[in-house]
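Peer 1: Structure supplied as model-v8.cif; contents: mmCIF, C-alpha atoms.
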data_target
loop_
_atom_site.label_atom_id
_atom_site.label_comp_id
_atom_site.auth_asym_id
_atom_site.auth_seq_id
_atom_site.Cartn_x
_atom_site.Cartn_y
_atom_site.Cartn_z
CA CYS X 1 -3.24 2.35 -10.80
CA SER X 2 -1.89 -0.04 -13.41
CA TRP X 3 -4.78 -2.43 -13.77
CA PRO X 4 -8.37 -2.59 -15.09
CA ARG X 5 -11.04 -2.09 -12.43
CA PRO X 6 -14.81 -2.18 -12.60
CA ALA X 7 -16.49 1.06 -11.65
CA ARG X 8 -18.12 -0.74 -8.75
CA SER X 9 -17.76 -4.27 -7.46
CA ALA X 10 -19.11 -6.21 -4.55
CA THR X 11 -18.16 -9.81 -4.00
CA ALA X 12 -18.38 -12.35 -1.24
CA THR X 13 -16.67 -15.17 -3.03
CA SER X 14 -13.16 -15.59 -1.63
CA SER X 15 -12.74 -18.63 0.57
CA GLU X 16 -8.96 -18.76 0.89
CA ARG X 17 -7.93 -19.53 4.46
CA LEU X 18 -4.85 -17.71 5.69
CA ARG X 19 -3.01 -17.21 8.94
CA PRO X 20 -2.05 -13.57 9.64
CA ASP X 21 -0.04 -14.05 12.82
CA SER X 22 2.93 -11.71 13.24
CA GLY X 23 5.61 -13.69 14.98
CA ALA X 24 7.49 -10.60 16.15
CA ALA X 25 4.37 -8.96 17.55
CA GLN X 26 2.73 -9.88 20.84
CA ALA X 27 0.92 -13.22 20.71
CA MET X 28 -2.88 -13.05 20.55
CA PRO X 29 -4.93 -14.60 23.32
CA ALA X 30 -7.39 -17.17 22.07
CA MET X 31 -10.73 -15.86 20.80
CA SER X 32 -13.83 -17.74 21.87
CA GLU X 33 -15.68 -17.01 18.62
CA PRO X 34 -14.90 -15.67 15.14
CA ALA X 35 -14.55 -11.94 14.57
CA LEU X 36 -15.64 -10.09 11.43
CA CYS X 37 -13.67 -6.99 10.44
CA ILE X 38 -13.62 -4.71 7.41
CA GLY X 39 -10.39 -3.23 6.08
CA LEU X 40 -10.36 -0.11 3.90
CA MET X 41 -7.38 1.07 1.90
CA SER X 42 -6.89 4.01 -0.43
CA GLY X 43 -3.26 4.26 -1.38
CA THR X 44 -0.91 6.57 -3.23
CA SER X 45 -2.31 5.43 -6.58
CA LEU X 46 -5.32 7.66 -5.81
CA ASP X 47 -7.74 5.62 -7.89
CA GLY X 48 -10.27 4.83 -5.18
CA ALA X 49 -10.88 2.72 -2.09
CA ASP X 50 -10.66 -1.05 -1.76
CA GLY X 51 -12.50 -2.85 1.01
CA VAL X 52 -12.27 -6.39 2.32
CA LEU X 53 -14.61 -8.21 4.69
CA ALA X 54 -12.59 -10.76 6.65
CA ARG X 55 -13.50 -13.44 9.15
CA PHE X 56 -10.87 -14.20 11.81
CA ALA X 57 -11.28 -17.60 13.41
CA PRO X 58 -10.41 -18.29 17.07
CA ASP X 59 -7.20 -20.01 15.96
CA GLY X 60 -6.07 -16.85 14.13
CA ARG X 61 -6.84 -18.02 10.61
CA MET X 62 -8.46 -15.58 8.21
CA GLN X 63 -11.07 -16.05 5.52
CA VAL X 64 -11.88 -13.28 3.05
CA LEU X 65 -15.65 -13.12 2.62
CA GLY X 66 -15.90 -10.19 0.25
CA HIS X 67 -14.11 -7.48 -1.69
CA ALA X 68 -15.49 -4.18 -2.97
CA PHE X 69 -14.09 -1.14 -4.71
CA SER X 70 -15.39 2.39 -5.16
CA PRO X 71 -13.58 4.86 -7.44
CA PHE X 72 -12.73 8.39 -6.40
CA PRO X 73 -14.73 11.10 -8.17
CA GLU X 74 -12.31 12.99 -10.38
CA ALA X 75 -12.66 16.18 -8.32
CA LEU X 76 -11.72 14.31 -5.14
CA ARG X 77 -8.78 12.61 -6.82
CA ALA X 78 -7.48 15.95 -8.08
CA GLU X 79 -7.88 17.57 -4.67
CA LEU X 80 -6.10 14.71 -2.84
CA LEU X 81 -3.27 14.95 -5.33
CA ALA X 82 -3.05 18.72 -4.88
CA LEU X 83 -3.04 18.38 -1.09
CA ASN X 84 0.19 16.42 -1.29
CA ARG X 85 1.81 19.84 -1.79
CA SER X 86 1.38 23.05 0.18
CA GLY X 87 -1.34 25.35 -1.09
CA ALA X 88 -3.81 28.08 -0.25
CA ASN X 89 -6.45 27.38 2.40
CA GLU X 90 -5.22 23.81 2.74
CA LEU X 91 -6.59 23.20 6.25
CA HIS X 92 -10.14 23.97 5.09
CA ARG X 93 -9.68 21.99 1.88
CA SER X 94 -8.21 19.02 3.77
CA ALA X 95 -11.19 18.87 6.11
CA LEU X 96 -13.67 18.84 3.24
CA ALA X 97 -11.60 16.31 1.30
CA ALA X 98 -11.64 14.03 4.36
CA ASN X 99 -15.43 14.24 4.46
CA ALA X 100 -15.61 13.36 0.77
CA LEU X 101 -13.18 10.49 1.28
CA VAL X 102 -15.40 9.05 4.01
CA ALA X 103 -18.35 9.11 1.60
CA VAL X 104 -16.36 6.76 -0.65
CA TYR X 105 -15.38 4.59 2.32
CA ALA X 106 -19.01 4.37 3.47
CA ASP X 107 -20.03 3.29 -0.03
CA VAL X 108 -17.49 0.45 0.08
CA VAL X 109 -18.77 -0.68 3.48
CA ALA X 110 -22.36 -0.61 2.19
CA GLN X 111 -21.36 -2.78 -0.77
CA LEU X 112 -19.67 -5.30 1.52
CA LEU X 113 -22.65 -5.53 3.85
CA ALA X 114 -25.10 -5.86 0.97
CA GLY X 115 -23.00 -8.54 -0.71
CA SER X 116 -22.67 -10.59 2.47
CA GLY X 117 -26.15 -10.13 3.93
CA LEU X 118 -24.62 -8.94 7.19
CA GLN X 119 -25.75 -6.08 9.43
CA PRO X 120 -23.53 -3.37 10.97
CA GLN X 121 -23.85 -4.98 14.41
CA ASP X 122 -22.25 -8.14 13.00
CA ILE X 123 -18.96 -6.33 12.32
CA LEU X 124 -16.46 -5.92 15.14
CA ALA X 125 -14.60 -2.99 13.58
CA ILE X 126 -13.58 -1.18 10.41
CA GLY X 127 -9.90 -0.48 9.85
CA ALA X 128 -9.73 2.74 7.80
CA HIS X 129 -6.23 3.80 6.84
CA GLY X 130 -7.12 7.23 5.41
CA GLN X 131 -5.30 9.01 2.59
CA THR X 132 -1.66 9.91 3.15
CA VAL X 133 -0.91 13.48 2.07
CA ARG X 134 2.31 14.06 4.04
CA HIS X 135 4.83 11.53 5.28
CA GLN X 136 7.88 13.03 6.98
CA PRO X 137 8.87 10.84 9.94
CA GLN X 138 12.01 11.63 11.94
CA LEU X 139 12.41 15.00 10.19
CA HIS X 140 12.25 18.64 11.33
CA ASP X 141 12.16 18.22 15.14
CA GLY X 142 13.52 14.67 15.21
CA THR X 143 10.10 13.07 15.55
CA GLY X 144 8.48 14.35 12.40
CA TYR X 145 4.97 13.33 11.45
CA THR X 146 2.79 11.37 9.09
CA LEU X 147 -0.60 12.70 8.06
CA GLN X 148 -3.53 10.71 6.69
CA LEU X 149 -6.69 12.59 5.74
CA ASN X 150 -9.66 10.84 7.31
CA GLN X 151 -12.81 11.53 9.28
CA PRO X 152 -13.26 8.31 11.28
CA ALA X 153 -15.94 9.81 13.55
CA LEU X 154 -18.03 10.54 10.46
CA LEU X 155 -17.41 7.02 9.13
CA ALA X 156 -18.59 5.53 12.42
CA GLU X 157 -21.67 7.74 12.22
CA ARG X 158 -22.39 6.75 8.60
CA THR X 159 -21.88 3.00 9.06
CA GLY X 160 -22.92 2.27 12.65
CA ILE X 161 -19.68 0.31 13.14
CA ASP X 162 -16.66 0.98 15.38
CA VAL X 163 -13.84 2.51 13.33
CA VAL X 164 -10.11 2.12 13.94
CA ALA X 165 -7.93 4.76 12.27
CA ASP X 166 -4.63 6.66 12.64
CA PHE X 167 -2.48 3.53 12.49
CA ARG X 168 0.87 5.18 11.78
CA SER X 169 1.30 7.96 14.32
CA ARG X 170 2.00 5.78 17.39
CA ASP X 171 4.94 4.15 15.65
CA VAL X 172 6.27 7.60 14.65
CA ALA X 173 5.88 8.74 18.27
CA ALA X 174 8.03 5.76 19.26
CA GLY X 175 10.79 6.90 16.92
CA GLY X 176 9.77 4.81 13.92
CA GLN X 177 8.99 5.47 10.28
CA GLY X 178 5.31 4.60 10.70
CA ALA X 179 5.60 2.62 7.48
CA PRO X 180 5.35 0.15 6.01
CA LEU X 181 2.84 -1.53 8.31
CA VAL X 182 2.01 -4.60 6.23
CA PRO X 183 5.16 -6.78 6.72
CA ALA X 184 3.77 -8.30 9.95
CA PHE X 185 0.64 -9.27 8.03
CA HIS X 186 2.72 -10.54 5.10
CA GLN X 187 4.59 -12.80 7.51
CA GLY X 188 1.42 -14.52 8.64
CA VAL X 189 -0.14 -14.73 5.18
CA PHE X 190 2.85 -15.58 2.99
CA GLY X 191 5.60 -16.74 5.36
CA VAL X 192 6.86 -20.31 5.10
CA PRO X 193 8.85 -21.85 8.00
CA GLY X 194 12.42 -22.58 6.98
CA GLN X 195 12.18 -20.55 3.74
CA THR X 196 12.98 -16.96 2.88
CA VAL X 197 10.11 -15.31 1.03
CA ALA X 198 10.08 -11.85 -0.57
CA VAL X 199 6.79 -9.95 -0.91
CA LEU X 200 6.60 -6.86 -3.10
CA ASN X 201 3.63 -4.52 -2.90
CA LEU X 202 3.27 -2.31 -5.98
CA GLY X 203 0.84 0.49 -5.20
CA GLY X 204 1.70 4.12 -5.81
CA ILE X 205 4.91 3.38 -3.90
CA ALA X 206 6.74 0.03 -3.90
CA ASN X 207 7.45 -1.66 -0.58
CA LEU X 208 9.31 -4.91 -0.01
CA SER X 209 8.95 -7.41 2.84
CA VAL X 210 11.66 -10.01 3.39
CA LEU X 211 10.34 -12.87 5.50
CA GLY X 212 13.41 -14.71 6.73
CA ALA X 213 13.76 -18.47 7.02
CA ASP X 214 14.67 -17.87 10.68
CA GLY X 215 11.39 -16.05 11.37
CA SER X 216 12.84 -12.55 11.05
CA VAL X 217 10.86 -9.87 9.24
CA ARG X 218 12.22 -6.81 7.47
CA GLY X 219 10.42 -4.33 5.26
CA TRP X 220 10.83 -0.89 3.68
CA ASP X 221 9.84 1.28 0.75
CA CYS X 222 11.92 0.72 -2.38
CA GLY X 223 10.82 3.77 -4.38
CA PRO X 224 7.95 4.62 -6.72
CA ALA X 225 5.74 1.92 -8.20
CA ASN X 226 2.71 3.28 -10.07
CA ALA X 227 2.80 6.92 -8.92
CA LEU X 228 5.02 8.26 -11.71
CA ILE X 229 3.83 5.74 -14.31
CA ASP X 230 0.21 6.70 -13.77
CA HIS X 231 0.96 10.42 -13.75
CA TRP X 232 2.75 10.25 -17.10
CA CYS X 233 0.05 8.07 -18.61
CA GLN X 234 -2.73 10.42 -17.49
CA GLN X 235 -0.87 13.44 -18.78
CA HIS X 236 -0.19 12.06 -22.25
CA THR X 237 -3.04 9.64 -22.98
CA GLY X 238 -5.86 10.85 -20.77
CA GLN X 239 -6.05 7.36 -19.25
CA PRO X 240 -5.57 6.94 -15.49
CA TYR X 241 -3.19 4.01 -15.90
CA ASP X 242 -1.24 2.03 -18.47
CA ARG X 243 -3.43 -1.04 -18.88
CA GLY X 244 -1.24 -4.11 -18.61
CA GLY X 245 1.80 -1.92 -19.32
CA SER X 246 1.02 -2.06 -23.04
CA TRP X 247 1.96 1.58 -23.67
CA ALA X 248 5.30 1.14 -21.89
CA ALA X 249 5.92 -2.02 -23.87
CA SER X 250 5.48 -0.05 -27.12
CA GLY X 251 8.33 2.30 -26.24
CA ARG X 252 12.05 1.89 -25.73
CA VAL X 253 13.99 2.52 -22.55
CA LEU X 254 16.07 5.71 -22.63
CA ALA X 255 19.29 4.59 -20.94
CA PRO X 256 20.59 8.08 -20.00
CA LEU X 257 17.24 9.02 -18.45
CA LEU X 258 17.01 5.72 -16.57
CA ALA X 259 20.50 6.25 -15.18
CA ARG X 260 19.51 9.73 -14.02
CA LEU X 261 16.39 8.44 -12.29
CA LEU X 262 18.39 5.75 -10.52
CA GLU X 263 20.71 8.39 -9.06
CA GLU X 264 17.95 9.35 -6.57
CA PRO X 265 19.67 9.24 -3.14
CA PHE X 266 16.68 7.63 -1.41
CA LEU X 267 17.28 4.40 -3.35
CA ALA X 268 20.70 3.94 -1.75
CA LEU X 269 19.57 4.58 1.84
CA PRO X 270 19.64 1.53 4.12
CA PRO X 271 16.42 0.35 5.79
CA PRO X 272 14.44 1.29 7.74
CA LYS X 273 13.13 3.85 5.29
CA SER X 274 9.82 4.99 3.85
CA THR X 275 8.68 7.50 1.28
CA GLY X 276 5.70 8.78 -0.67
CA ARG X 277 4.53 11.60 -2.88
CA ASP X 278 6.48 14.01 -0.67
CA LEU X 279 9.47 12.87 -2.73
CA PHE X 280 8.19 11.18 -5.89
CA HIS X 281 5.88 13.82 -7.30
CA PRO X 282 5.46 15.41 -10.78
CA GLU X 283 7.97 18.19 -10.07
CA TRP X 284 10.60 15.58 -9.14
CA LEU X 285 10.00 13.95 -12.52
CA ARG X 286 9.96 17.26 -14.41
CA GLN X 287 13.39 18.17 -13.06
CA ARG X 288 14.87 14.86 -14.15
CA LEU X 289 13.35 15.11 -17.61
CA ALA X 290 15.38 18.26 -18.29
CA GLY X 291 17.35 17.60 -21.47
CA HIS X 292 14.88 14.94 -22.62
CA GLU X 293 12.08 17.28 -23.70
CA GLY X 294 12.03 15.83 -27.20
CA ALA X 295 11.67 12.23 -26.09
CA ALA X 296 8.66 10.29 -27.30
CA PRO X 297 6.11 9.97 -24.46
CA ALA X 298 5.97 6.18 -24.94
CA ASP X 299 9.75 6.01 -24.46
CA VAL X 300 9.48 7.97 -21.22
CA GLN X 301 6.74 5.60 -20.08
CA ALA X 302 8.96 2.62 -20.88
CA THR X 303 11.78 4.23 -18.91
CA LEU X 304 9.60 5.01 -15.88
CA THR X 305 8.38 1.42 -15.81
CA ALA X 306 11.95 0.19 -16.06
CA PHE X 307 12.86 2.58 -13.21
CA THR X 308 10.26 1.00 -10.94
CA ALA X 309 11.48 -2.48 -11.85
CA GLU X 310 15.18 -1.66 -11.43
CA ALA X 311 14.71 -0.09 -8.00
CA CYS X 312 12.75 -3.12 -6.78
CA VAL X 313 15.11 -5.65 -8.34
CA ALA X 314 18.11 -3.97 -6.71
CA ASP X 315 16.55 -4.24 -3.25
CA VAL X 316 15.53 -7.85 -3.75
CA ARG X 317 19.06 -8.73 -4.83
CA ARG X 318 20.62 -6.88 -1.89
CA HIS X 319 18.35 -8.17 0.83
CA ALA X 320 16.50 -11.34 -0.23
CA LEU X 321 19.13 -13.22 -2.25
CA GLN X 322 21.91 -13.02 0.32
CA GLY X 323 22.52 -15.22 3.36
CA THR X 324 22.38 -18.95 3.89
CA VAL X 325 18.76 -19.34 2.75
CA PRO X 326 18.13 -17.05 -0.25
CA ALA X 327 14.59 -16.47 -1.41
CA GLN X 328 13.26 -18.62 -4.23
CA ARG X 329 10.01 -16.73 -4.81
CA LEU X 330 8.92 -13.12 -5.12
CA ILE X 331 5.22 -12.65 -4.40
CA VAL X 332 3.81 -9.47 -5.93
CA CYS X 333 0.62 -7.73 -4.78
CA GLY X 334 -1.00 -4.37 -5.39
CA GLY X 335 -2.11 -2.99 -8.73
CA GLY X 336 1.33 -3.41 -10.26
CA ALA X 337 0.89 -7.18 -10.09
CA LEU X 338 -1.62 -6.81 -12.93
CA ASN X 339 0.84 -4.88 -15.10
CA GLY X 340 2.14 -7.71 -17.27
CA HIS X 341 4.99 -5.65 -18.71
CA LEU X 342 6.24 -4.66 -15.25
CA MET X 343 5.97 -8.24 -14.02
CA GLY X 344 8.02 -9.35 -17.02
CA LEU X 345 10.74 -6.82 -16.17
CA LEU X 346 10.86 -8.07 -12.60
CA GLN X 347 11.19 -11.67 -13.76
CA ALA X 348 13.92 -10.74 -16.26
CA GLY X 349 15.84 -8.92 -13.54
CA LEU X 350 15.48 -11.80 -11.07
CA PRO X 351 15.99 -14.93 -13.18
CA THR X 352 16.70 -17.17 -10.19
CA LEU X 353 13.36 -16.33 -8.54
CA GLN X 354 9.82 -17.35 -9.35
CA VAL X 355 7.91 -14.06 -9.69
CA VAL X 356 4.20 -14.63 -9.06
CA GLY X 357 1.11 -12.60 -8.30
CA SER X 358 -0.27 -13.05 -4.81
CA ASP X 359 -3.41 -14.64 -6.26
CA GLN X 360 -1.28 -17.70 -7.03
CA VAL X 361 -0.61 -18.18 -3.33
CA GLY X 362 -4.03 -17.47 -1.91
CA LEU X 363 -4.97 -13.78 -1.85
CA PRO X 364 -5.72 -11.62 -4.93
CA PRO X 365 -3.37 -8.65 -5.39
CA LEU X 366 -6.06 -6.00 -4.91
CA GLN X 367 -7.19 -7.46 -1.59
CA VAL X 368 -3.91 -7.77 0.30
CA GLU X 369 -3.55 -4.27 1.77
CA ALA X 370 -7.22 -3.90 2.65
CA ALA X 371 -7.10 -7.30 4.37
CA ALA X 372 -4.05 -6.11 6.28
CA PHE X 373 -6.02 -3.17 7.69
CA ALA X 374 -8.84 -5.47 8.74
CA TRP X 375 -6.22 -7.41 10.70
CA LEU X 376 -4.70 -4.20 12.08
CA ALA X 377 -8.17 -3.15 13.30
CA LEU X 378 -8.58 -6.49 15.07
CA GLN X 379 -5.16 -6.11 16.70
CA CYS X 380 -6.08 -2.65 17.99
CA VAL X 381 -9.46 -3.69 19.38
CA ARG X 382 -7.77 -6.57 21.19
CA ARG X 383 -4.92 -4.31 22.37
CA GLN X 384 -2.33 -6.42 20.60
CA THR X 385 0.84 -4.95 19.11
CA ALA X 386 1.10 -4.89 15.33
CA SER X 387 4.22 -2.89 14.52
CA LEU X 388 7.64 -4.43 14.01
CA PRO X 389 10.68 -2.45 15.20
CA SER X 390 12.79 -4.43 12.72
CA VAL X 391 10.75 -2.78 9.96
CA THR X 392 10.06 0.76 11.16
CA GLY X 393 13.00 1.36 13.48
CA ALA X 394 10.75 2.26 16.41
CA GLN X 395 11.83 1.76 20.02
CA GLY X 396 9.52 -1.21 20.37
CA ALA X 397 6.33 -2.86 19.15
CA ARG X 398 3.22 -0.79 19.75
CA VAL X 399 -0.55 -1.13 19.63
CA LEU X 400 -1.50 0.85 16.53
CA GLY X 401 -4.64 2.88 15.89
CA ALA X 402 -7.32 4.90 17.65
CA ILE X 403 -10.87 3.63 18.15
CA TYR X 404 -13.95 5.69 17.26
CA PRO X 405 -17.01 3.93 18.73
CA ARG X 406 -20.15 3.69 16.66
#
Translate this file's structure into structure tokens.

Peer 2:
Amino acid sequence: CSWPRPARSATATSSERLRPDSGAAQAMPAMSEPALCIGLMSGTSLDGADGVLARFAPDGRMQVLGHAFSPFPEALRAELLALNRSGANELHRSALAANALVAVYADVVAQLLAGSGLQPQDILAIGAHGQTVRHQPQLHDGTGYTLQLNQPALLAERTGIDVVADFRSRDVAAGGQGAPLVPAFHQGVFGVPGQTVAVLNLGGIANLSVLGADGSVRGWDCGPANALIDHWCQQHTGQPYDRGGSWAASGRVLAPLLARLLEEPFLALPPPKSTGRDLFHPEWLRQRLAGHEGAAPADVQATLTAFTAEACVADVRRHALQGTVPAQRLIVCGGGALNGHLMGLLQAGLPTLQVVGSDQVGLPPLQVEAAAFAWLALQCVRRQTASLPSVTGAQGARVLGAIYPR
């Protein structure tokens, strides 16, 4: 994670009003009264869990009432990272890791309730994404799978709130990638009628949403965002992330290494596509560092940061700056939005665009994905579709998630 975080935080201060209404998904029937949902997200950065308490008005508008974060204990972080690769006794270890993950999730929920003065019975549902440890859609038998460690029944037991989980597998069953799931939410939050808007989420993996001026929505994973940057920083400095990108900024980009990184075939694949630590893991990096063993660690960090920027810039140029109404703004969310050096590289690579953090247009970068899963939980409870075939390649829009009653 490439940003400073407090060890614990609980807020109920956001009052930005937004409209998450996915135009390509099934229209929502009117609600007679507001609904309160909590969204939980722990991504490929593996730093911890973010939670958002959101109020959805009858007209579909959303108000964020609170945000909380709870870090992963180091032992849990190490185990989740290890479980991204095959290993001994992994079924047993995965089950225990899921229980430990839920303890972090429950802590975030407790912070949100305490900060808002609400009771469990006031919350319609929790959307809990879980921790992705394998993502291999459309592979092996043609359907493939995506696997998120979670124990939603335990979370429902701990919190006394209905839990919605397993958001990706229905889309995979329908022939889709199961990811990314946030473009429909991005459309409602950041879309502007008659304008093309690009939204870039920089978590462990980078994913881009292109919200067309004609109402179309596309989205896909571009490549790594913080996953490799954070790994290298932890390995060589003992710090979990490069604060503000200052270490990368102190180095110089190694052009031959950057060119080798950019040869990764995934980057040239057309959408729909998605990826994760199944591909961009430490061994992938080690293989590409062959011949650069004597490089200064700061120079490698500079090159990895440039790699993230170049992969994202290339996709924005290919897909958001073409057509009759090219994008004029790139909205960046996720932890990478707080990496000033990375943001500078994006702006330098896209001089015709205004590159801004999502906080400048209404929703702080660390709240966007958690808010999306609050919305996804609401969609599931109301039996409304939330996936976009134009994004995932599925046979059609589907209701996403499974409900675990309190």

Peer 1: Using the chain letters and numbers from this file, what does the PyMOL selection byres ((chain X and resi 401) around 8) select? Give the answer as a list in words.

Peer 2: Val164, Ala165, Asp166, Phe167, Arg168, Ser169, Arg170, Ala377, Cys380, Val399, Leu400, Ala402 and Ile403 of chain X

Peer 1: Could you tell me which of X:Gln136, X:Gln360, X:Gln111, X:Thr308 comes closest to Met343 in chain X if we count only C-alpha atoms?

Peer 2: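 Selected residue with least distance to Met343 in chain X: X:Thr308.
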
Peer 1: Which is closer to Glu74 in chain X than all the others in X:Ala100, X:Val133, X:Cys222, X:Leu40, using all atoms listed in the file?

Peer 2: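 Closest to Glu74 in chain X of all the choices is X:Ala100.
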
Peer 1: Counting all atoms listed in the file, what is within 9 Å of range 240-245 of chain X, bar same-chain residues fewer than 3 positions away, as a count of residues only?

Peer 2: 26

Peer 1: Counting all atoms listed in the file, what is within 7 Å of range 200-203 of chain X, bar same-chain residues fewer than 3 positions away, as an MDAnalysis selection string?

Peer 2: chainID X and resid 43:45 206:209 225:226 330:337

Peer 1: Could you jot down the CA of Cys312 in chain X to CA of Trp284 in chain X separation for me, Å, one decimal place?

Peer 2: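 Distance between the two atoms: 19.0 Å.
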
Peer 1: Mind pulling up the distance from CA of Gln138 in chain X to CA of Val172 in chain X?

Peer 2: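 CA of Val172 in chain X sits 7.5 Å away from CA of Gln138 in chain X.
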
Peer 1: Give me the box for range 392-395 of chain X as lines of an AutoDock Vina configuration file, namely the centre and edge lengths in Å to one decimal of a box along x, y and z that holds every listed atom plus 4 Å on each side.

Peer 2:
center_x = 11.5
center_y = 1.5
center_z = 15.6
size_x = 10.9
size_y = 9.5
size_z = 16.9

Peer 1: Applying 12 Å and only C-alpha atoms, which residues near Val325 in chain X remain after dropping the ones on its own chain fewer than 6 positions away? List them as a PyMOL selection string.

Peer 2: chain X and resi 193-198+210-215+319

Peer 1: How many Å separate CA of Thr303 in chain X from CA of Gly219 in chain X?

Peer 2: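 Spanning CA of Thr303 in chain X to CA of Gly219 in chain X is a straight-line distance of 25.7 Å.
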
Peer 1: Extract, using only C-alpha atoms, all DNA, RNA and protein residues at most 10 Å from Val109 in chain X, discarding same-chain residues fewer than 5 positions from it, and format them as a list in words.

Peer 2: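 Within the cut-off, the hits are Ala10, Ile38, Gly39, Leu40, Asp50, Gly51, Val52, Leu53, His67, Ala68, Phe69, Ser70, Ala103, Val104, Ala114, Gly115, Pro120, Ile126, Leu155, Arg158, Thr159 and Ile161 of chain X.
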
Peer 1: Asp162 in chain X: which residues within 7 Å, counting all atoms listed in the file, same-chain residues fewer than 3 positions away excluded, as a PyMOL selection string?

Peer 2: chain X and resi 124-126+156+403-406

Peer 1: Would you write out, as a PyMOL selection string, every residue that the PyMOL selection byres ((chain X and resi 94) around 10) captures in this file?

Peer 2: chain X and resi 79-80+83+89-93+95-100+133+148-150
